[in-house]
Each structure stands twice: as structure tokens, then as C-alpha cells.
Number of protein chains: 2
Amino acid sequence: MKIPVVRNILEANDRIAAENRRTFAENKVFVLNLMSSPGAGKTSLLERTIDALHKDVRMGVIEGDIQTSIDAKKISKKGIPTVQINTNEACHLDGNMIRATLGSLDLKSLDLVIIENVGNLVCPAEFDTGENHKVVILSVPEGDDKPSKYPLMFHESSVLLINKIDLLPHVECSINKIKKSALKVNPKLKIFEISCKTEEGLSQWYGWVKKKVHAYTRRKSNR
Amino acid sequence: MKIPVVRNILEANDRIAAENRRTFAENKVFVLNLMSSPGAGKTSLLERTIDALHKDVRMGVIEGDIQTSIDAKKISKKGIPTVQINTNEACHLDGNMIRATLGSLDLKSLDLVIIENVGNLVCPAEFDTGENHKVVILSVPEGDDKPSKYPLMFHESSVLLINKIDLLPHVECSINKIKKSALKVNPKLKIFEISCKTEEGLSQWYGWVKKKVHAYTRRKSNR
């Protein structure tokens, strides 16, 4: 009984996400959909990325949370246009929720929008929001079996950020095992090892974002 | 459009969960539904709890995973009756999935069944499986803002286990803040601070489980 219901929801979502994608493209905005378990480091990564890139890249943020605006408050302190979505009970963002925020962001003035999804390693992977790429963060205290156990998230993402590598001496977790199992699920996955605490590895991530945004906005300008 | 669909599913689920609850009670089996984010330590806690209690308490385990049977293999090595549920894409266990496992467990020979839910701090809280108590694990690397950000999980649970306290010197996390915000959501929440690595605090948890199981099975015997 349940599967057809879910299918209908996903089909309707895909149509709305495609509209979002057209709107973003018309406004030359590159969009990343950032996903992870609760507490893997999405907001910390976002704060670091804003600090590193805001002079080169005009950024906006869409914050997804079940309740509260704790994260949106942190981000808006940085002077970045930020919209909060409170999903109430919903465990993921979908195309329609993102659609509803677009009137609150001046897309013409932005190069990059980062969507911070609800903390959940399962459901957000099922829902297209109209982004260019999905990005997943896995933190080392979560353990190295997660790409095998939650494969859809790693299959749908273009980038895997292995975060909190500063904790490696204190936890049982093999970076090689994470990489191997993640690449088995998705051989095209781009992987960065980072620590938002020590900043190790972050410059490679910043480089990837900048290159992608510039390639995208340049291509759009040449039309 | 989506809310009524979800409501129907939840109502149907409640009916099936109530049937499960009757079946467990008829067989004098006490049931805990163990929930957390991916990698917070559900399986480690289960392994420790089996080692500590299996001589006093006849235990069975229902393992919920999206894919793989990594956890069920770990548990069944301990000689405990174990049933694996693979949910495929579903992000939580529901009453019907638990119902389907009951033929595979000899309930008459058990005092306690622990259900290990899918790693997800959101959806599992919405679904009654027929358990006596929901138990949530929050690990300190996830951060101290989680009870505020994911309140339903903490509202629905009877017990909160704050795990990985051995990592406190290495992460930014206040145990007091976790407790305060969790008790704000649910003033009746029983809280234990534990480390499955160092075993700190686990004896209090074992004591709680034993007391609950014995009170339950004794009450049933006196009928």
C-alpha cells in the first residue's frame, strides 16, 4: 500500500525540482544540497565555507530544520542572505519547500546557494530539490560502515566530505574503509578528508566549490 | 496533500502496533525500541547489554537496517536469537515490519526483546512498533543542540543514553546543556551518561533494564 503513495510524492517532487532547477539556471545560480546525519558538521562546514569564499563568491543559504532557527541565526550573523525552512515533522527538504523560499532570496544577486538539509542520512537523499550537486558529510565518530548501511545517500551525492578527522586517534574508524565502501556504491564520488575544527583539508573543498561555481557562472554569461 | 497520507499510515500503524503489544504481553516479553542517529552506538550498546544481562535475562533482538545484515551478524555471534529486517528504502521500522518478524522468534522462551531501529533521529520516533519503551542514544560528537533540534525523538523516549562520554575532552559538547534541553522537551526522561568504549556508566543502564524486565515478568506471572 505504501510504495505507490511514496512514488506519487516522488514524481510530483521531481516536477517541482525541475522547475526550481530552471529558475536557478535562469538566474545563473549554482546550488549545492548539503546532507548528513545530525551533528556530522553541516553548519560548521557552512560557516567555514562562507568565511573562505564570501569575498569571491556571492552566497546565499537555505537552512532546513525540523524546528528552531539555531543554525540560520549562526549563518545570518555572517551577513549572508539566509532563509529558514521549518519542516515541522518532516525529515527532509523537498522541491516544494525550496520553491517556497525562492521569493525570499534575490537570486539575481547570487552566484551560489547552499541548502543545508535536515540532519538525516536516509530520507533527504530521496528528494531532488533542484540542486546542481548533492554533497554528503560523514563524520568519523559515526563509523566506517555507514556507506554500506546507508548506500542511497552515497549513491546520490557527487561529493563526500569525511569530517572530524582530528578525532581519528580517539575512535575506531578506518578512512580507507569509508572510501572503499563509498566508491563501491558510487565510483564517481569525489572525496575530501577534512576537519572543520583544525581546518585540515578544507582548502581542497574550497577549491572544488570555487572551480564549479566559476565554470557554471562563466558558461551562463557566455550564452 | 501529503499530511493526510501520512496520517492514514500512522493510524494504520497504531492498530498493528497495538496488536504487537498484545502479542508481547501474552508472551510476557518486555520490549525496548532503541533509536539514534547513524553511528551513535546502538549496536555497541546492544553487544554490551547482551554480555552483561544474558545470564539473568532471556534476550532476543530484532535488527532493523535499510540494507545489509552487518549488525545482525555481530549480535547473532553472541548466541542470541536475532531477526534481521531489511527495510530497503524505508528510513524507520513500523508496526507491520515488527509483526512480520514475530513468527521467527520463540516469544515464549524470551523475557526481553530489543529492537534496534534504523539509524535516524527523526522518523523512527513517529512509529509505534508495540514496544514498552522507546530508548534514544545521543552521542556527544553530535553536539548538545540536538534535543532542541529533533524534539520528537526526545519527547517520545522514556530513556536517553548520552554515549561516547570518553570523547568529551576532544569535542565541544556540554552534558548539562543536553540534559537541560532534553528535560525541557520531556521532563520525565530518565538519563544515563555512558561510554560503550570505557564501560563508564553502563551498570546504571543494566540496572534499569533488569529492574524493568523483572517487574514486568513478575507482574505477568502473578496474573
# chains A, B, ... in the order shown; residues from 1 in each chain; ligands from 1
>>> residues_around(residues="Lys177 in chain B", least_positions_apart="6", cutoff="10 Å", atoms="only C-alpha atoms", output="PyMOL selection string")
chain B and resi 143-147+183
>>> write_last_selection(atoms="N, CA, C and O atoms", output="PDB file, in the first residue's frame")
ATOM      1  N   GLY B 143      26.783  16.792  19.268  1.00  0.00           N
ATOM      2  CA  GLY B 143      26.547  18.164  19.727  1.00  0.00           C
ATOM      3  C   GLY B 143      25.379  18.279  20.689  1.00  0.00           C
ATOM      4  O   GLY B 143      24.487  17.442  20.700  1.00  0.00           O
ATOM      5  N   ASP B 144      25.428  19.351  21.494  1.00  0.00           N
ATOM      6  CA  ASP B 144      24.456  19.478  22.584  1.00  0.00           C
ATOM      7  C   ASP B 144      23.163  20.178  22.192  1.00  0.00           C
ATOM      8  O   ASP B 144      22.281  20.375  23.033  1.00  0.00           O
ATOM      9  N   ASP B 145      23.023  20.543  20.902  1.00  0.00           N
ATOM     10  CA  ASP B 145      21.785  21.216  20.483  1.00  0.00           C
ATOM     11  C   ASP B 145      20.736  20.243  19.934  1.00  0.00           C
ATOM     12  O   ASP B 145      19.666  20.656  19.497  1.00  0.00           O
ATOM     13  N   LYS B 146      21.044  18.954  19.958  1.00  0.00           N
ATOM     14  CA  LYS B 146      20.159  18.001  19.271  1.00  0.00           C
ATOM     15  C   LYS B 146      18.778  17.827  19.912  1.00  0.00           C
ATOM     16  O   LYS B 146      17.802  17.708  19.181  1.00  0.00           O
ATOM     17  N   PRO B 147      18.645  17.810  21.246  1.00  0.00           N
ATOM     18  CA  PRO B 147      17.275  17.695  21.785  1.00  0.00           C
ATOM     19  C   PRO B 147      16.362  18.848  21.366  1.00  0.00           C
ATOM     20  O   PRO B 147      15.172  18.642  21.150  1.00  0.00           O
ATOM     21  N   LEU B 183      15.284  17.550  29.006  1.00  0.00           N
ATOM     22  CA  LEU B 183      14.255  17.560  30.059  1.00  0.00           C
ATOM     23  C   LEU B 183      13.201  18.634  29.810  1.00  0.00           C
ATOM     24  O   LEU B 183      12.061  18.501  30.241  1.00  0.00           O
TER      25      LEU B 183
END
>>> interface_residues(of="chain B", to="chain A", cutoff="6 Å", atoms="only C-alpha atoms", output="JSON, numbers by chain")
{"B": [39, 67, 91, 122, 142, 143, 149]}
>>> residues_around(residues="Phe127 in chain B", least_positions_apart="6", cutoff="10 Å", atoms="only C-alpha atoms", output="NGL selection string")
:B and (9-11 or 13-14 or 17 or 92-95 or 156)
>>> write_last_selection(atoms="C-alpha atoms", output="JSON list (two decimals), in the first residue's frame")
[["chain", "number", "residue", "atom", "x", "y", "z"],
["B", 9, "ILE", "CA", -0.27, 5.50, 7.50],
["B", 10, "LEU", "CA", 0.21, 6.42, 11.16],
["B", 11, "GLU", "CA", -3.33, 5.37, 12.10],
["B", 13, "ASN", "CA", 0.42, 1.65, 12.09],
["B", 14, "ASP", "CA", -1.06, 2.31, 15.52],
["B", 17, "ALA", "CA", 1.44, -1.83, 16.91],
["B", 92, "HIS", "CA", 12.35, 3.58, 10.08],
["B", 93, "LEU", "CA", 10.74, 0.42, 11.44],
["B", 94, "ASP", "CA", 6.97, 0.28, 11.72],
["B", 95, "GLY", "CA", 4.43, -1.98, 13.40],
["B", 156, "GLU", "CA", 8.66, 10.02, 22.71]]
>>> residues_around(residues="Arg21 in chain A", least_positions_apart="2", cutoff="9 Å", atoms="only C-alpha atoms", output="list in words")
Ile16, Ala17, Ala18, Glu19, Thr23, Phe24, Ala25, Glu26, Val31, Thr129, Gly130, Glu131 and Asn132 of chain A
>>> residues_around(residues="Glu199 in chain B", least_positions_apart="2", cutoff="12 Å", atoms="only C-alpha atoms", output="PyMOL selection string")
chain B and resi 44-45+47-49+51-52+163-166+193-197+201-206
>>> select_by_dssp(residues="range 81-198 of chain A", states="helix (DSSP H, G or I)", output="ChimeraX atom specification")
/A:95-104,107-109,123-126,140-142,146-149,151-156,165-170,175-185
>>> select_by_dssp(residues="range 9-220 of chain A", states="strand (DSSP E)", output="ChimeraX atom specification")
/A:30-36,59-65,82-86,112-116,133-139,159-163,190-193
>>> write_last_selection(atoms="N, CA, C and O atoms", output="short mmCIF file (atom, residue, chain, number, x, y, z; two decimals), in the first residue's frame")
data_model
loop_
_atom_site.label_atom_id
_atom_site.label_comp_id
_atom_site.auth_asym_id
_atom_site.auth_seq_id
_atom_site.Cartn_x
_atom_site.Cartn_y
_atom_site.Cartn_z
N PHE A 30 24.46 28.64 -8.89
CA PHE A 30 24.90 27.26 -8.68
C PHE A 30 24.42 26.82 -7.31
O PHE A 30 24.51 27.58 -6.34
N VAL A 31 23.88 25.60 -7.21
CA VAL A 31 23.22 25.19 -5.96
C VAL A 31 23.76 23.85 -5.46
O VAL A 31 23.85 22.87 -6.20
N LEU A 32 24.14 23.84 -4.18
CA LEU A 32 24.58 22.60 -3.51
C LEU A 32 23.58 22.25 -2.42
O LEU A 32 23.11 23.12 -1.70
N ASN A 33 23.30 20.95 -2.30
CA ASN A 33 22.36 20.43 -1.28
C ASN A 33 23.18 19.60 -0.29
O ASN A 33 23.66 18.52 -0.62
N LEU A 34 23.39 20.16 0.89
CA LEU A 34 24.31 19.60 1.88
C LEU A 34 23.55 18.71 2.87
O LEU A 34 22.62 19.16 3.54
N MET A 35 23.98 17.46 2.96
CA MET A 35 23.24 16.47 3.74
C MET A 35 24.18 15.69 4.66
O MET A 35 25.35 15.52 4.35
N SER A 36 23.65 15.21 5.79
CA SER A 36 24.41 14.34 6.70
C SER A 36 23.52 13.90 7.84
O SER A 36 22.40 14.41 8.00
N MET A 59 27.17 34.47 -1.95
CA MET A 59 26.49 33.28 -1.43
C MET A 59 25.17 33.57 -0.74
O MET A 59 25.01 34.61 -0.11
N GLY A 60 24.26 32.62 -0.85
CA GLY A 60 23.03 32.62 -0.07
C GLY A 60 22.84 31.24 0.54
O GLY A 60 23.42 30.26 0.06
N VAL A 61 22.06 31.17 1.62
CA VAL A 61 21.88 29.90 2.33
C VAL A 61 20.39 29.64 2.58
O VAL A 61 19.65 30.55 2.97
N ILE A 62 19.98 28.39 2.34
CA ILE A 62 18.64 27.96 2.75
C ILE A 62 18.82 26.92 3.85
O ILE A 62 19.46 25.89 3.64
N GLU A 63 18.31 27.22 5.04
CA GLU A 63 18.51 26.38 6.22
C GLU A 63 17.27 25.52 6.47
O GLU A 63 16.19 26.06 6.71
N GLY A 64 17.43 24.22 6.43
CA GLY A 64 16.32 23.33 6.73
C GLY A 64 16.44 22.74 8.12
O GLY A 64 17.47 22.16 8.46
N ASP A 65 15.41 22.93 8.94
CA ASP A 65 15.38 22.33 10.28
C ASP A 65 13.96 21.91 10.59
O ASP A 65 13.00 22.54 10.12
N THR A 82 19.98 34.60 4.19
CA THR A 82 19.64 33.28 4.74
C THR A 82 18.13 33.16 4.86
O THR A 82 17.46 34.08 5.33
N VAL A 83 17.61 32.02 4.42
CA VAL A 83 16.18 31.74 4.60
C VAL A 83 16.04 30.48 5.44
O VAL A 83 16.73 29.49 5.20
N GLN A 84 15.15 30.53 6.41
CA GLN A 84 14.90 29.36 7.27
C GLN A 84 13.66 28.62 6.77
O GLN A 84 12.62 29.22 6.57
N ILE A 85 13.78 27.30 6.61
CA ILE A 85 12.59 26.45 6.44
C ILE A 85 12.45 25.63 7.71
O ILE A 85 13.38 24.94 8.10
N ASN A 86 11.28 25.68 8.35
CA ASN A 86 10.98 24.75 9.43
C ASN A 86 10.02 23.71 8.88
O ASN A 86 8.91 24.02 8.44
N LEU A 112 25.98 31.47 -5.75
CA LEU A 112 25.95 30.14 -5.11
C LEU A 112 24.91 30.13 -4.00
O LEU A 112 24.89 31.03 -3.15
N VAL A 113 24.05 29.12 -4.02
CA VAL A 113 23.15 28.89 -2.87
C VAL A 113 23.50 27.53 -2.29
O VAL A 113 23.60 26.54 -3.03
N ILE A 114 23.73 27.49 -0.98
CA ILE A 114 23.92 26.21 -0.30
C ILE A 114 22.68 25.92 0.54
O ILE A 114 22.24 26.75 1.34
N ILE A 115 22.09 24.76 0.28
CA ILE A 115 20.93 24.29 1.04
C ILE A 115 21.44 23.38 2.14
O ILE A 115 22.11 22.38 1.85
N GLU A 116 21.18 23.71 3.40
CA GLU A 116 21.52 22.80 4.49
C GLU A 116 20.28 21.98 4.83
O GLU A 116 19.29 22.50 5.35
N HIS A 133 24.36 19.78 -7.34
CA HIS A 133 25.01 18.61 -6.75
C HIS A 133 24.52 18.38 -5.32
O HIS A 133 24.31 19.34 -4.57
N LYS A 134 24.41 17.12 -4.97
CA LYS A 134 24.22 16.76 -3.57
C LYS A 134 25.61 16.51 -2.97
O LYS A 134 26.49 15.92 -3.62
N VAL A 135 25.81 16.96 -1.73
CA VAL A 135 27.09 16.80 -1.02
C VAL A 135 26.77 16.14 0.32
O VAL A 135 25.90 16.62 1.05
N VAL A 136 27.45 15.04 0.63
CA VAL A 136 27.21 14.36 1.91
C VAL A 136 28.43 14.51 2.82
O VAL A 136 29.58 14.41 2.37
N ILE A 137 28.18 14.76 4.10
CA ILE A 137 29.24 14.76 5.12
C ILE A 137 29.07 13.50 5.96
O ILE A 137 27.97 13.20 6.41
N LEU A 138 30.16 12.76 6.16
CA LEU A 138 30.17 11.66 7.13
C LEU A 138 31.28 11.97 8.13
O LEU A 138 32.41 12.23 7.73
N SER A 139 30.97 11.97 9.42
CA SER A 139 32.00 12.28 10.42
C SER A 139 32.54 10.97 10.98
O SER A 139 31.81 9.99 11.13
N VAL A 159 29.78 14.56 -4.00
CA VAL A 159 30.94 14.79 -3.13
C VAL A 159 30.68 14.16 -1.76
O VAL A 159 29.58 14.28 -1.22
N LEU A 160 31.71 13.51 -1.23
CA LEU A 160 31.71 13.03 0.16
C LEU A 160 32.79 13.77 0.94
O LEU A 160 33.97 13.75 0.55
N LEU A 161 32.39 14.44 2.01
CA LEU A 161 33.34 15.08 2.91
C LEU A 161 33.45 14.21 4.16
O LEU A 161 32.46 14.02 4.87
N ILE A 162 34.63 13.65 4.41
CA ILE A 162 34.85 12.86 5.63
C ILE A 162 35.35 13.84 6.68
O ILE A 162 36.49 14.31 6.61
N ASN A 163 34.48 14.17 7.64
CA ASN A 163 34.75 15.25 8.59
C ASN A 163 35.21 14.71 9.95
O ASN A 163 35.08 13.53 10.24
N LYS A 190 33.53 12.17 -5.50
CA LYS A 190 34.72 12.98 -5.18
C LYS A 190 34.83 13.02 -3.65
O LYS A 190 33.85 13.35 -2.98
N ILE A 191 36.00 12.67 -3.11
CA ILE A 191 36.11 12.55 -1.65
C ILE A 191 37.17 13.51 -1.08
O ILE A 191 38.28 13.59 -1.61
N PHE A 192 36.79 14.25 -0.04
CA PHE A 192 37.74 15.11 0.67
C PHE A 192 37.77 14.69 2.14
O PHE A 192 36.71 14.45 2.73
N GLU A 193 38.96 14.64 2.73
CA GLU A 193 39.10 14.37 4.17
C GLU A 193 39.34 15.70 4.86
O GLU A 193 40.30 16.39 4.54
#
>>> closest_residue(among="A:Ile175, A:Lys42, A:Asn8, A:Leu110", to="Thr217 in chain A", atoms="only C-alpha atoms")
A:Leu110
>>> residues_around(residues="Asn186 in chain B", least_positions_apart="4", cutoff="7 Å", atoms="only C-alpha atoms", output="list in words")
Phe154, His155 and Ala182 of chain B
>>> write_last_selection(atoms="all heavy atoms", output="short mmCIF file (atom, residue, chain, number, x, y, z; two decimals), in the first residue's frame")
data_model
loop_
_atom_site.label_atom_id
_atom_site.label_comp_id
_atom_site.auth_asym_id
_atom_site.auth_seq_id
_atom_site.Cartn_x
_atom_site.Cartn_y
_atom_site.Cartn_z
N PHE B 154 13.07 12.92 21.54
CA PHE B 154 13.30 13.01 22.97
C PHE B 154 11.97 13.05 23.74
O PHE B 154 11.89 12.60 24.87
CB PHE B 154 14.19 14.22 23.28
CG PHE B 154 15.55 14.08 22.64
CD1 PHE B 154 15.78 14.44 21.31
CD2 PHE B 154 16.60 13.51 23.35
CE1 PHE B 154 17.02 14.27 20.71
CE2 PHE B 154 17.85 13.33 22.76
CZ PHE B 154 18.05 13.71 21.43
N HIS B 155 10.95 13.55 23.07
CA HIS B 155 9.61 13.58 23.66
C HIS B 155 9.02 12.17 23.76
O HIS B 155 8.37 11.83 24.76
CB HIS B 155 8.70 14.47 22.80
CG HIS B 155 7.32 14.63 23.35
ND1 HIS B 155 6.28 13.82 22.98
CD2 HIS B 155 6.84 15.48 24.29
CE1 HIS B 155 5.20 14.18 23.66
NE2 HIS B 155 5.51 15.18 24.45
N ALA B 182 16.89 18.36 26.88
CA ALA B 182 16.11 17.13 26.76
C ALA B 182 14.97 17.11 27.78
O ALA B 182 13.84 16.73 27.47
CB ALA B 182 17.01 15.91 26.93
#
>>> closest_residue(among="B:Asn96, B:Thr198, B:Thr43, B:Ser174", to="Ser76 in chain B", atoms="only C-alpha atoms")
B:Thr43
